[in-house]
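Peer 1: My structure is in start_6.cif, and what it holds is mmCIF, C-alpha atoms:
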```
data_data
loop_
_atom_site.label_atom_id
_atom_site.label_comp_id
_atom_site.auth_asym_id
_atom_site.auth_seq_id
_atom_site.Cartn_x
_atom_site.Cartn_y
_atom_site.Cartn_z
CA MET A 101 0.00 0.00 0.00
CA ASN A 102 3.05 2.28 0.07
CA ALA A 103 2.57 3.28 -3.59
CA THR A 104 -1.10 4.32 -3.05
CA MET A 105 -2.89 7.07 -1.19
CA TRP A 106 -4.30 4.63 1.36
CA HIS A 107 -2.29 3.69 4.40
CA THR A 108 -4.10 0.42 5.09
CA LEU A 109 -6.14 -2.10 3.13
CA THR A 110 -9.14 -1.41 5.38
CA SER A 111 -9.24 2.24 4.36
CA TYR A 112 -9.18 1.18 0.70
CA VAL A 113 -12.11 -1.19 1.27
CA LEU A 114 -14.09 1.56 3.00
CA TYR A 115 -13.38 3.88 0.06
CA LEU A 116 -14.83 1.34 -2.39
CA GLY A 117 -17.98 1.16 -0.28
CA ARG A 118 -18.40 4.95 -0.07
CA GLU A 119 -17.99 5.42 -3.84
CA LYS A 120 -20.53 2.65 -4.58
CA ILE A 121 -17.91 0.75 -6.57
CA ALA A 122 -18.58 -2.42 -4.56
CA ASP A 123 -20.89 -3.68 -1.85
CA VAL A 124 -18.88 -3.95 1.41
CA GLU A 125 -20.00 -6.21 4.23
CA LYS A 126 -18.24 -6.32 7.62
CA THR A 127 -18.39 -9.46 9.75
CA VAL A 128 -16.95 -10.10 13.24
CA GLY A 129 -16.06 -13.63 14.27
CA ASP A 130 -16.30 -15.30 17.65
CA ASN A 131 -12.64 -14.62 18.34
CA GLY A 132 -13.05 -10.92 17.56
CA ARG A 133 -11.56 -11.16 14.05
CA VAL A 134 -12.95 -8.65 11.53
CA ASP A 135 -13.53 -9.86 7.96
CA TRP A 136 -14.52 -7.78 4.92
CA TYR A 137 -16.53 -9.16 1.96
CA LEU A 138 -16.65 -7.27 -1.35
CA THR A 139 -19.14 -7.62 -4.23
CA TYR A 140 -18.32 -5.73 -7.41
CA ILE A 141 -21.16 -3.63 -8.87
CA GLU A 142 -21.44 -3.99 -12.66
CA ARG A 143 -21.57 -0.59 -14.41
CA ASP A 144 -21.17 -1.64 -18.06
CA PRO A 145 -23.82 0.21 -20.18
CA ARG A 146 -24.49 -2.84 -22.34
CA PHE A 147 -24.92 -5.04 -19.28
CA MET A 148 -27.23 -2.52 -17.62
CA ALA A 149 -29.30 -2.17 -20.80
CA ARG A 150 -29.66 -5.92 -21.05
CA MET A 151 -30.69 -6.19 -17.40
CA LYS A 152 -33.31 -3.49 -17.96
CA LYS A 153 -34.70 -5.48 -20.87
CA VAL A 154 -34.85 -8.61 -18.74
CA GLU A 155 -36.69 -6.77 -15.98
CA LYS A 156 -39.08 -5.29 -18.51
CA MET A 157 -39.82 -8.74 -19.94
CA LYS A 158 -40.44 -10.11 -16.44
CA ARG A 159 -42.88 -7.31 -15.66
CA ALA A 160 -44.69 -7.86 -18.97
CA GLU A 161 -44.97 -11.60 -18.27
CA GLN A 162 -46.32 -10.87 -14.80
CA ARG A 163 -48.95 -8.49 -16.19
CA GLU A 164 -49.94 -11.05 -18.83
CA ARG A 165 -50.23 -13.79 -16.18
CA ILE A 166 -52.46 -11.58 -14.02
CA ARG A 167 -54.59 -10.68 -17.04
CA GLN A 168 -55.10 -14.34 -17.91
CA GLN A 169 -56.02 -15.19 -14.33
CA ASP A 170 -58.57 -12.37 -14.27
CA ALA A 171 -60.04 -13.57 -17.57
CA VAL A 172 -60.34 -17.14 -16.27
CA GLN A 173 -61.97 -15.92 -13.05
CA GLU A 174 -64.41 -13.83 -15.06
CA GLN A 175 -65.34 -16.86 -17.20
CA VAL A 176 -65.88 -18.97 -14.07
CA GLU A 177 -68.18 -16.35 -12.54
CA ARG A 178 -70.07 -16.01 -15.82
CA ALA A 179 -70.56 -19.79 -15.93
CA ARG A 180 -71.84 -19.80 -12.36
CA ASP A 181 -74.36 -17.05 -13.15
CA ALA A 182 -75.54 -18.95 -16.22
CA ALA A 183 -75.92 -22.14 -14.16
CA LYS A 184 -78.14 -20.32 -11.66
CA ASP A 185 -80.52 -19.17 -14.40
CA THR A 186 -80.79 -22.65 -15.96
CA PRO A 187 -83.80 -24.61 -14.65
CA ASP A 188 -83.19 -28.01 -13.10
CA HIS A 189 -84.19 -31.01 -15.26
CA LYS A 190 -85.69 -34.04 -13.61
CA PRO A 191 -86.02 -37.50 -15.23
CA THR A 192 -89.49 -38.44 -16.46
CA GLU A 193 -91.06 -41.72 -17.42
CA LEU A 194 -90.76 -42.82 -21.07
CA LEU A 195 -94.20 -43.01 -22.69
CA ARG A 196 -94.83 -44.62 -26.05
CA SER A 197 -98.01 -44.23 -28.05
CA SER A 198 -99.19 -47.20 -30.10
CA GLU A 199 -100.84 -44.95 -32.69
CA HIS A 200 -97.64 -44.07 -34.59
CA GLU A 201 -95.84 -47.40 -34.58
CA GLU A 202 -93.62 -47.99 -37.62
CA LYS A 203 -92.32 -51.29 -38.89
CA VAL A 204 -88.65 -51.66 -39.64
CA THR A 205 -87.89 -53.63 -42.80
CA PHE A 206 -84.58 -54.85 -44.21
CA GLY A 207 -83.97 -55.21 -47.94
CA LEU A 208 -81.15 -57.14 -49.63
CA HIS A 209 -79.98 -56.74 -53.20
CA LYS A 210 -80.73 -60.03 -54.94
CA ARG A 211 -78.40 -59.24 -57.81
CA LYS A 212 -75.40 -58.82 -55.51
CA ILE A 213 -76.17 -62.11 -53.71
CA LYS A 214 -76.44 -63.89 -57.06
CA GLU A 215 -73.10 -62.51 -58.27
CA GLU A 216 -71.36 -63.60 -55.06
CA ALA A 217 -72.79 -67.11 -55.43
CA GLU A 218 -71.53 -67.39 -59.03
CA THR A 219 -68.09 -66.12 -58.00
CA GLU A 220 -67.95 -68.75 -55.25
CA LYS A 221 -68.77 -71.47 -57.80
CA ARG A 222 -66.01 -70.36 -60.19
CA ARG A 223 -63.37 -70.25 -57.42
CA PRO A 224 -61.17 -73.40 -57.55
CA GLN A 225 -61.19 -75.69 -54.57
CA PRO A 226 -58.02 -76.60 -52.64
CA GLY A 227 -56.08 -79.43 -54.27
CA TRP A 228 -57.62 -78.84 -57.72
CA ASN A 229 -55.04 -78.21 -60.43
CA ALA A 230 -55.25 -75.71 -63.28
CA ASP A 231 -55.21 -78.22 -66.15
CA ARG A 232 -57.71 -80.61 -64.44
CA ARG A 233 -55.28 -83.50 -64.16
CA GLY A 234 -56.37 -84.43 -60.65
CA PRO A 235 -55.32 -83.61 -57.13
CA ASP A 236 -52.16 -85.73 -57.36
CA SER A 237 -50.57 -83.64 -60.07
CA LYS A 238 -47.18 -82.08 -59.30
CA GLN A 239 -48.23 -78.63 -60.53
CA GLN A 240 -51.21 -77.50 -58.43
CA TRP A 241 -53.33 -74.37 -58.78
CA GLY A 242 -51.03 -71.37 -58.06
CA GLN A 243 -48.14 -73.70 -57.05
CA ASP A 244 -45.30 -74.85 -59.25
CA ALA A 245 -42.90 -77.79 -58.87
CA ALA A 246 -40.46 -75.67 -56.86
CA GLY A 247 -43.08 -75.15 -54.15
CA ASP A 248 -43.77 -71.42 -54.73
CA ALA A 249 -47.29 -70.84 -53.34
CA ARG A 250 -47.70 -67.25 -54.66
CA PRO A 251 -50.16 -66.83 -57.56
CA HIS A 252 -48.58 -65.71 -60.83
CA LYS A 253 -51.15 -62.98 -61.34
CA ARG A 254 -50.35 -61.43 -57.97
CA ARG A 255 -46.62 -61.58 -58.74
CA ARG A 256 -47.10 -59.81 -62.06
CA LEU A 257 -49.28 -57.17 -60.37
CA LEU A 258 -46.62 -56.51 -57.73
CA ASP A 259 -43.92 -56.19 -60.40
CA LYS A 260 -46.13 -53.76 -62.28
CA ARG A 261 -46.69 -51.65 -59.16
CA LYS A 262 -42.97 -51.59 -58.39
CA GLY A 263 -42.24 -50.46 -61.91
CA SER A 264 -44.83 -47.69 -61.78
CA ALA A 265 -43.51 -46.42 -58.41
CA LEU A 266 -39.93 -46.45 -59.73
CA ALA A 267 -40.99 -44.59 -62.86
CA ALA A 268 -42.81 -41.97 -60.78
CA LEU A 269 -39.72 -41.48 -58.59
CA MET A 270 -37.48 -41.11 -61.67
CA GLN A 271 -39.90 -38.61 -63.19
CA GLU A 272 -39.96 -36.62 -59.92
CA ASN A 273 -36.14 -36.51 -59.86
CA GLU A 274 -36.06 -35.27 -63.46
CA VAL A 275 -38.52 -32.50 -62.58
CA MET A 276 -36.42 -31.44 -59.57
CA LYS A 277 -33.29 -31.33 -61.76
CA LYS A 278 -35.06 -29.00 -64.18
CA ILE A 279 -36.26 -26.81 -61.31
CA SER A 280 -32.76 -26.65 -59.77
CA SER A 281 -31.06 -25.81 -63.07
CA THR A 282 -33.53 -23.37 -64.63
CA GLY A 283 -35.74 -22.27 -61.74
CA MET A 284 -38.88 -23.28 -63.66
CA VAL A 285 -40.50 -26.32 -65.21
CA LYS A 286 -40.30 -26.34 -68.98
CA ALA A 287 -43.04 -28.86 -69.51
CA HIS A 288 -46.00 -28.64 -71.86
CA SER A 289 -48.05 -31.43 -70.29
CA ARG A 290 -50.39 -30.67 -67.42
CA GLN A 291 -49.32 -33.89 -65.70
CA ALA A 292 -45.67 -32.74 -65.47
CA GLN A 293 -46.67 -29.33 -64.11
CA THR A 294 -48.93 -30.94 -61.50
CA LEU A 295 -46.12 -33.27 -60.48
CA ALA A 296 -43.75 -30.32 -60.11
CA ARG A 297 -46.19 -28.43 -57.89
CA GLN A 298 -46.79 -31.50 -55.72
CA THR A 299 -43.04 -32.12 -55.41
CA LEU A 300 -42.37 -28.53 -54.31
CA LEU A 301 -45.24 -28.58 -51.79
CA ARG A 302 -43.99 -31.86 -50.35
CA ARG A 303 -40.47 -30.46 -49.94
CA ARG A 304 -41.66 -27.14 -48.44
CA ARG A 305 -41.48 -28.24 -44.85
CA PRO A 306 -40.65 -26.10 -41.80
CA PRO A 307 -37.05 -26.42 -40.53
CA ASP A 308 -36.06 -28.75 -37.74
CA PRO A 309 -36.05 -26.78 -34.43
CA LYS A 310 -32.85 -28.59 -33.41
CA GLU A 311 -30.99 -26.94 -36.30
CA LEU A 312 -32.08 -23.38 -35.44
CA LYS A 313 -30.01 -20.95 -33.35
CA PRO A 314 -31.33 -18.16 -31.09
CA TYR A 315 -29.17 -15.68 -33.03
CA TRP A 316 -29.42 -15.02 -36.78
CA VAL A 317 -27.85 -11.63 -37.57
CA GLN A 318 -24.53 -11.81 -39.48
CA GLU A 319 -22.27 -9.66 -41.60
CA GLY A 320 -22.94 -9.00 -45.28
CA ILE A 321 -26.75 -8.85 -45.26
CA TRP A 322 -29.40 -6.16 -45.59
CA VAL A 323 -31.77 -5.65 -42.67
CA LYS A 324 -34.67 -3.34 -41.86
CA ILE A 325 -34.76 -1.36 -38.60
CA ASN A 326 -38.00 -1.97 -36.71
CA ASN A 327 -37.79 0.45 -33.77
CA ALA A 328 -40.14 3.43 -33.77
CA ALA A 329 -38.70 4.81 -30.50
CA LEU A 330 -35.10 5.05 -31.73
CA ALA A 331 -34.15 8.70 -32.36
CA GLY A 332 -37.81 9.69 -32.42
CA GLY A 333 -38.62 7.26 -35.23
CA ARG A 334 -35.99 8.69 -37.56
CA TYR A 335 -34.62 5.26 -38.48
CA HIS A 336 -37.91 3.32 -38.34
CA LYS A 337 -38.41 1.06 -41.41
CA LYS A 338 -35.04 2.19 -42.81
CA LYS A 339 -32.87 -0.28 -44.66
CA ALA A 340 -29.31 -0.86 -43.37
CA SER A 341 -26.32 -3.11 -44.04
CA VAL A 342 -24.68 -5.15 -41.31
CA ARG A 343 -20.98 -4.31 -40.96
CA LYS A 344 -20.05 -6.09 -37.74
CA VAL A 345 -21.63 -8.43 -35.19
CA THR A 346 -20.65 -8.48 -31.50
CA ASP A 347 -21.79 -10.96 -28.86
CA ARG A 348 -23.80 -12.77 -31.60
CA TYR A 349 -26.85 -10.58 -30.93
CA VAL A 350 -25.72 -6.96 -31.39
CA ALA A 351 -25.12 -5.66 -34.92
CA GLU A 352 -23.31 -2.57 -36.14
CA VAL A 353 -25.31 -1.33 -39.13
CA ALA A 354 -24.88 1.50 -41.62
CA VAL A 355 -28.17 3.16 -42.58
CA HIS A 356 -28.86 3.15 -46.32
CA LYS A 357 -28.76 6.56 -48.09
CA MET A 358 -27.67 8.25 -44.83
CA PRO A 359 -23.86 8.52 -44.93
CA GLY A 360 -22.17 8.53 -41.54
CA HIS A 361 -25.16 7.13 -39.66
CA VAL A 362 -23.85 3.96 -37.99
CA LEU A 363 -25.91 2.34 -35.22
CA ARG A 364 -25.39 -0.45 -32.69
CA ILE A 365 -28.70 -2.27 -32.36
CA ASP A 366 -29.95 -5.61 -31.04
CA GLN A 367 -31.26 -8.22 -33.48
CA LYS A 368 -34.70 -8.09 -31.82
CA GLU A 369 -35.16 -4.66 -33.39
CA LEU A 370 -34.15 -5.85 -36.88
CA GLN A 371 -35.86 -7.91 -39.54
CA THR A 372 -34.71 -9.58 -42.73
CA VAL A 373 -35.09 -8.16 -46.26
CA ILE A 374 -36.62 -10.42 -48.93
CA PRO A 375 -35.54 -9.51 -52.50
CA LYS A 376 -37.15 -10.30 -55.84
CA PRO A 377 -36.55 -13.66 -57.58
CA GLY A 378 -33.15 -13.89 -59.23
CA ARG A 379 -31.27 -11.85 -56.59
CA ARG A 380 -28.56 -13.13 -54.23
CA VAL A 381 -29.43 -13.93 -50.61
CA VAL A 382 -27.65 -15.28 -47.51
CA VAL A 383 -29.04 -18.05 -45.29
CA CYS A 384 -29.20 -16.63 -41.74
CA ASN A 385 -30.35 -19.64 -39.71
CA GLY A 386 -30.70 -23.39 -39.90
CA ALA A 387 -28.47 -26.15 -41.26
CA HIS A 388 -27.27 -23.97 -44.17
CA ARG A 389 -26.44 -20.86 -42.10
CA GLY A 390 -23.85 -18.67 -43.85
CA CYS A 391 -24.38 -20.18 -47.32
CA ARG A 392 -25.13 -17.94 -50.27
CA ALA A 393 -28.12 -18.71 -52.46
CA GLU A 394 -30.26 -17.33 -55.26
CA MET A 395 -33.90 -16.37 -54.77
CA ARG A 396 -36.19 -18.47 -56.94
CA GLU A 397 -39.77 -17.95 -55.78
CA VAL A 398 -41.52 -16.12 -52.94
CA VAL A 399 -44.24 -18.26 -51.29
CA GLN A 400 -46.50 -15.75 -49.56
CA ASP A 401 -49.07 -18.21 -48.22
CA GLN A 402 -46.36 -20.18 -46.37
CA PHE A 403 -44.34 -17.10 -45.31
CA GLY A 404 -41.21 -18.39 -46.99
CA ALA A 405 -39.27 -18.64 -50.24
CA ASP A 406 -37.64 -21.23 -52.51
CA VAL A 407 -33.90 -20.59 -52.88
CA GLN A 408 -31.14 -22.43 -54.74
CA LEU A 409 -27.90 -22.91 -52.82
CA LEU A 410 -24.77 -21.54 -54.51
CA ASP A 411 -22.19 -23.03 -52.10
CA GLY A 412 -21.95 -25.57 -49.31
CA PRO A 413 -22.25 -29.38 -49.39
CA LEU A 414 -25.70 -29.22 -51.07
CA ARG A 415 -24.70 -26.75 -53.77
CA GLY A 416 -27.28 -26.48 -56.55
CA GLN A 417 -30.16 -27.93 -54.50
CA LEU A 418 -33.49 -26.11 -54.23
CA ILE A 419 -34.65 -25.68 -50.61
CA PHE A 420 -37.47 -23.88 -48.80
CA LEU A 421 -36.70 -21.28 -46.08
CA LEU A 422 -38.90 -19.08 -43.93
CA PHE A 423 -38.67 -15.29 -44.31
CA GLU A 424 -36.85 -14.87 -40.97
CA HIS A 425 -34.15 -17.37 -42.00
CA VAL A 426 -32.95 -15.66 -45.21
CA SER A 427 -32.00 -12.08 -46.11
CA LYS A 428 -30.76 -10.11 -49.10
CA ALA A 429 -26.99 -10.04 -49.68
CA VAL A 430 -25.17 -6.70 -49.44
CA ASP A 431 -23.43 -7.02 -52.81
CA GLN A 432 -26.87 -6.93 -54.48
CA GLY A 433 -27.37 -3.23 -53.58
#
```
Would you write the structure of this file as structure tokens?
Peer 2:
Amino acid sequence: MNATMWHTLTSYVLYLGREKIADVEKTVGDNGRVDWYLTYIERDPRFMARMKKVEKMKRAEQRERIRQQDAVQEQVERARDAAKDTPDHKPTELLRSSEHEEKVTFGLHKRKIKEEAETEKRRPQPGWNADRRGPDSKQQWGQDAAGDARPHKRRRLLDKRKGSALAALMQENEVMKKISSTGMVKAHSRQAQTLARQTLLRRRRPPDPKELKPYWVQEGIWVKINNAALAGGRYHKKKASVRKVTDRYVAEVAVHKMPGHVLRIDQKELQTVIPKPGRRVVVCNGAHRGCRAEMREVVQDQFGADVQLLDGPLRGQLIFLLFEHVSKAVDQG
């Protein structure tokens, strides 16, 4: 302590407590020993701003919880009042009048019964062979000498179904290749166009929640500022480019068409920018985060877009992304 303005360590501890730099607590033991405990008080503006946001969210959740409880209590009281006004119903004896008795009749289709009987007659009996050579013949009905008990007609039908399914799968792959290479289906038949639409709808599935991150903002993308309270609404709905990202959640953005206006803003107050088809975009979240892609089609009813990846392990593949998971690239202007 010789190189400082304090003569003892105790005086330095008391100074920290007076200046509100730390919380100082004095304790006295059984043997008369005095101990000092210090707790540093965080004064970082970013930390304080984040703590204020957390407190604000807690207060909002508390108000919402109280509002829901009041609504439930109001519904319970309303149900009780309605139950009081409803008259009590008592069971009464069932009385039947013999004047309006109706007879129940059942009708069967004779033609259907006749057809079933003829089909039963034409069906071969067990042990009867196909060429009528007797029950001791080696080649029985639906069973060859090798002992295969499957009917030949059923085998041919299964082969035909397998072939049709394989052909449909090959046709679907051809359609997806055309979509990935040209962005559209160059087909004149209505069947091919219907198949393309069904294929795209089947592959437009929401992303797996396990692949999503709580942060999405990154460098090199265009964003839109969504904060009406910032600078009196001067930057509200303004487009900006992300220059730098700190702590994964805070972005340093340069406002478009406002030279020199650089802001530090949290990603909660930003939203992605969706360009027109044919423009370059960047995947902001999910399994393909950071990959560049090309906008193919905007799907308004599903709040997403079809994009074609330009790099990454699945380069050239057409995928579906939600609006909040993709944004316009900065080099597109």
Peer 1: Considering all atoms listed in the file, return as a PyMOL selection string whatever protein or nucleic-acid residues lie within 8 Å of Val430 (chain A), sequence-local ones (same chain, fewer than 3 positions apart) excluded.
Peer 2: chain A and resi 320-322+341+433
Peer 1: Counting only C-alpha atoms, which of A:Lys428, A:Arg150, A:Arg304, A:Arg167 gets nearest to Val381 (chain A)?
Peer 2: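 Using only C-alpha atoms, the shortest distance to Val381 (chain A) belongs to A:Lys428.
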Peer 1: I'd like to see the residues matched by the PyMOL selection byres ((chain A and resi 141) around 9) on this file, and ideally I'd get them as a PyMOL selection string.
Peer 2: chain A and resi 120-123+139-140+142-143
Peer 1: Write a file of the just-selected residues containing C-alpha atoms, as an mmCIF file, in the coordinates of the input.
Peer 2:
```
data_model
loop_
_atom_site.group_PDB
_atom_site.id
_atom_site.type_symbol
_atom_site.label_atom_id
_atom_site.label_comp_id
_atom_site.auth_asym_id
_atom_site.auth_seq_id
_atom_site.Cartn_x
_atom_site.Cartn_y
_atom_site.Cartn_z
ATOM 1 C CA LYS A 120 -20.530 2.650 -4.580
ATOM 2 C CA ILE A 121 -17.910 0.750 -6.570
ATOM 3 C CA ALA A 122 -18.580 -2.420 -4.560
ATOM 4 C CA ASP A 123 -20.890 -3.680 -1.850
ATOM 5 C CA THR A 139 -19.140 -7.620 -4.230
ATOM 6 C CA TYR A 140 -18.320 -5.730 -7.410
ATOM 7 C CA GLU A 142 -21.440 -3.990 -12.660
ATOM 8 C CA ARG A 143 -21.570 -0.590 -14.410
#
```
Peer 1: Please, what distance in Å, to one decimal, runs between CA of Gly416 (chain A) and CA of Arg380 (chain A)?
Peer 2: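 Going from CA of Gly416 (chain A) over to CA of Arg380 (chain A) covers 13.6 Å.
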Peer 1: Which residues, named as in the file, does the PyMOL selection byres ((chain A and resi 398) around 9) pick out? Answer as a list in words.
Peer 2: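 Expected selection for the PyMOL selection byres ((chain A and resi 398) around 9) here is Ile374, Pro375, Lys376, Pro377, Met395, Arg396, Glu397, Val399, Gln400, Phe403, Gly404, Ala405, Asp406 and Val407 of chain A.
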Peer 1: Could you write out as a short mmCIF file (atom, residue, chain, number, x, y, z; two decimals) with C-alpha atoms, keeping the file's coordinate frame the residues that the PyMOL selection byres ((chain A and resi 386) around 10) matches in the shown file?
Peer 2:
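Writing the result to selection12.cif gives the following:
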```
data_model
loop_
_atom_site.label_atom_id
_atom_site.label_comp_id
_atom_site.auth_asym_id
_atom_site.auth_seq_id
_atom_site.Cartn_x
_atom_site.Cartn_y
_atom_site.Cartn_z
CA PRO A 307 -37.05 -26.42 -40.53
CA ASP A 308 -36.06 -28.75 -37.74
CA PRO A 309 -36.05 -26.78 -34.43
CA LYS A 310 -32.85 -28.59 -33.41
CA GLU A 311 -30.99 -26.94 -36.30
CA LEU A 312 -32.08 -23.38 -35.44
CA LYS A 313 -30.01 -20.95 -33.35
CA TRP A 316 -29.42 -15.02 -36.78
CA VAL A 383 -29.04 -18.05 -45.29
CA CYS A 384 -29.20 -16.63 -41.74
CA ASN A 385 -30.35 -19.64 -39.71
CA ALA A 387 -28.47 -26.15 -41.26
CA HIS A 388 -27.27 -23.97 -44.17
CA ARG A 389 -26.44 -20.86 -42.10
CA GLY A 390 -23.85 -18.67 -43.85
CA LEU A 421 -36.70 -21.28 -46.08
CA HIS A 425 -34.15 -17.37 -42.00
CA VAL A 426 -32.95 -15.66 -45.21
#
```
Peer 1: Just give me the gap between CA of Lys324 (chain A) and CA of Asp144 (chain A) in Å, one decimal is fine.
Peer 2: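 Distance between the two atoms: 27.4 Å.
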Peer 1: Take every atom of region 343-358 of chain A listed in the file, pad by 3 Å on each side, and give me the axis-aligned box centre and edge lengths in Å, one decimal, as JSON.
Peer 2:
```
{"center_x": -24.5, "center_y": -2.3, "center_z": -38.5, "size_x": 14.8, "size_y": 27.0, "size_z": 25.2}
```
Peer 1: Kindly indicate which residue among A:Gln318, A:Thr127, A:Gln417, A:Asn102 lies nearest to Lys344 (chain A), using only C-alpha atoms for the distances.
Peer 2: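 Among the listed residues, A:Gln318 lies closest to Lys344 (chain A).
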Peer 1: So how far away is CA of Val317 (chain A) from CA of Ile419 (chain A), in Å?
Peer 2: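 Computing the Euclidean distance for CA of Ile419 (chain A) and CA of Val317 (chain A) yields 20.3 Å.
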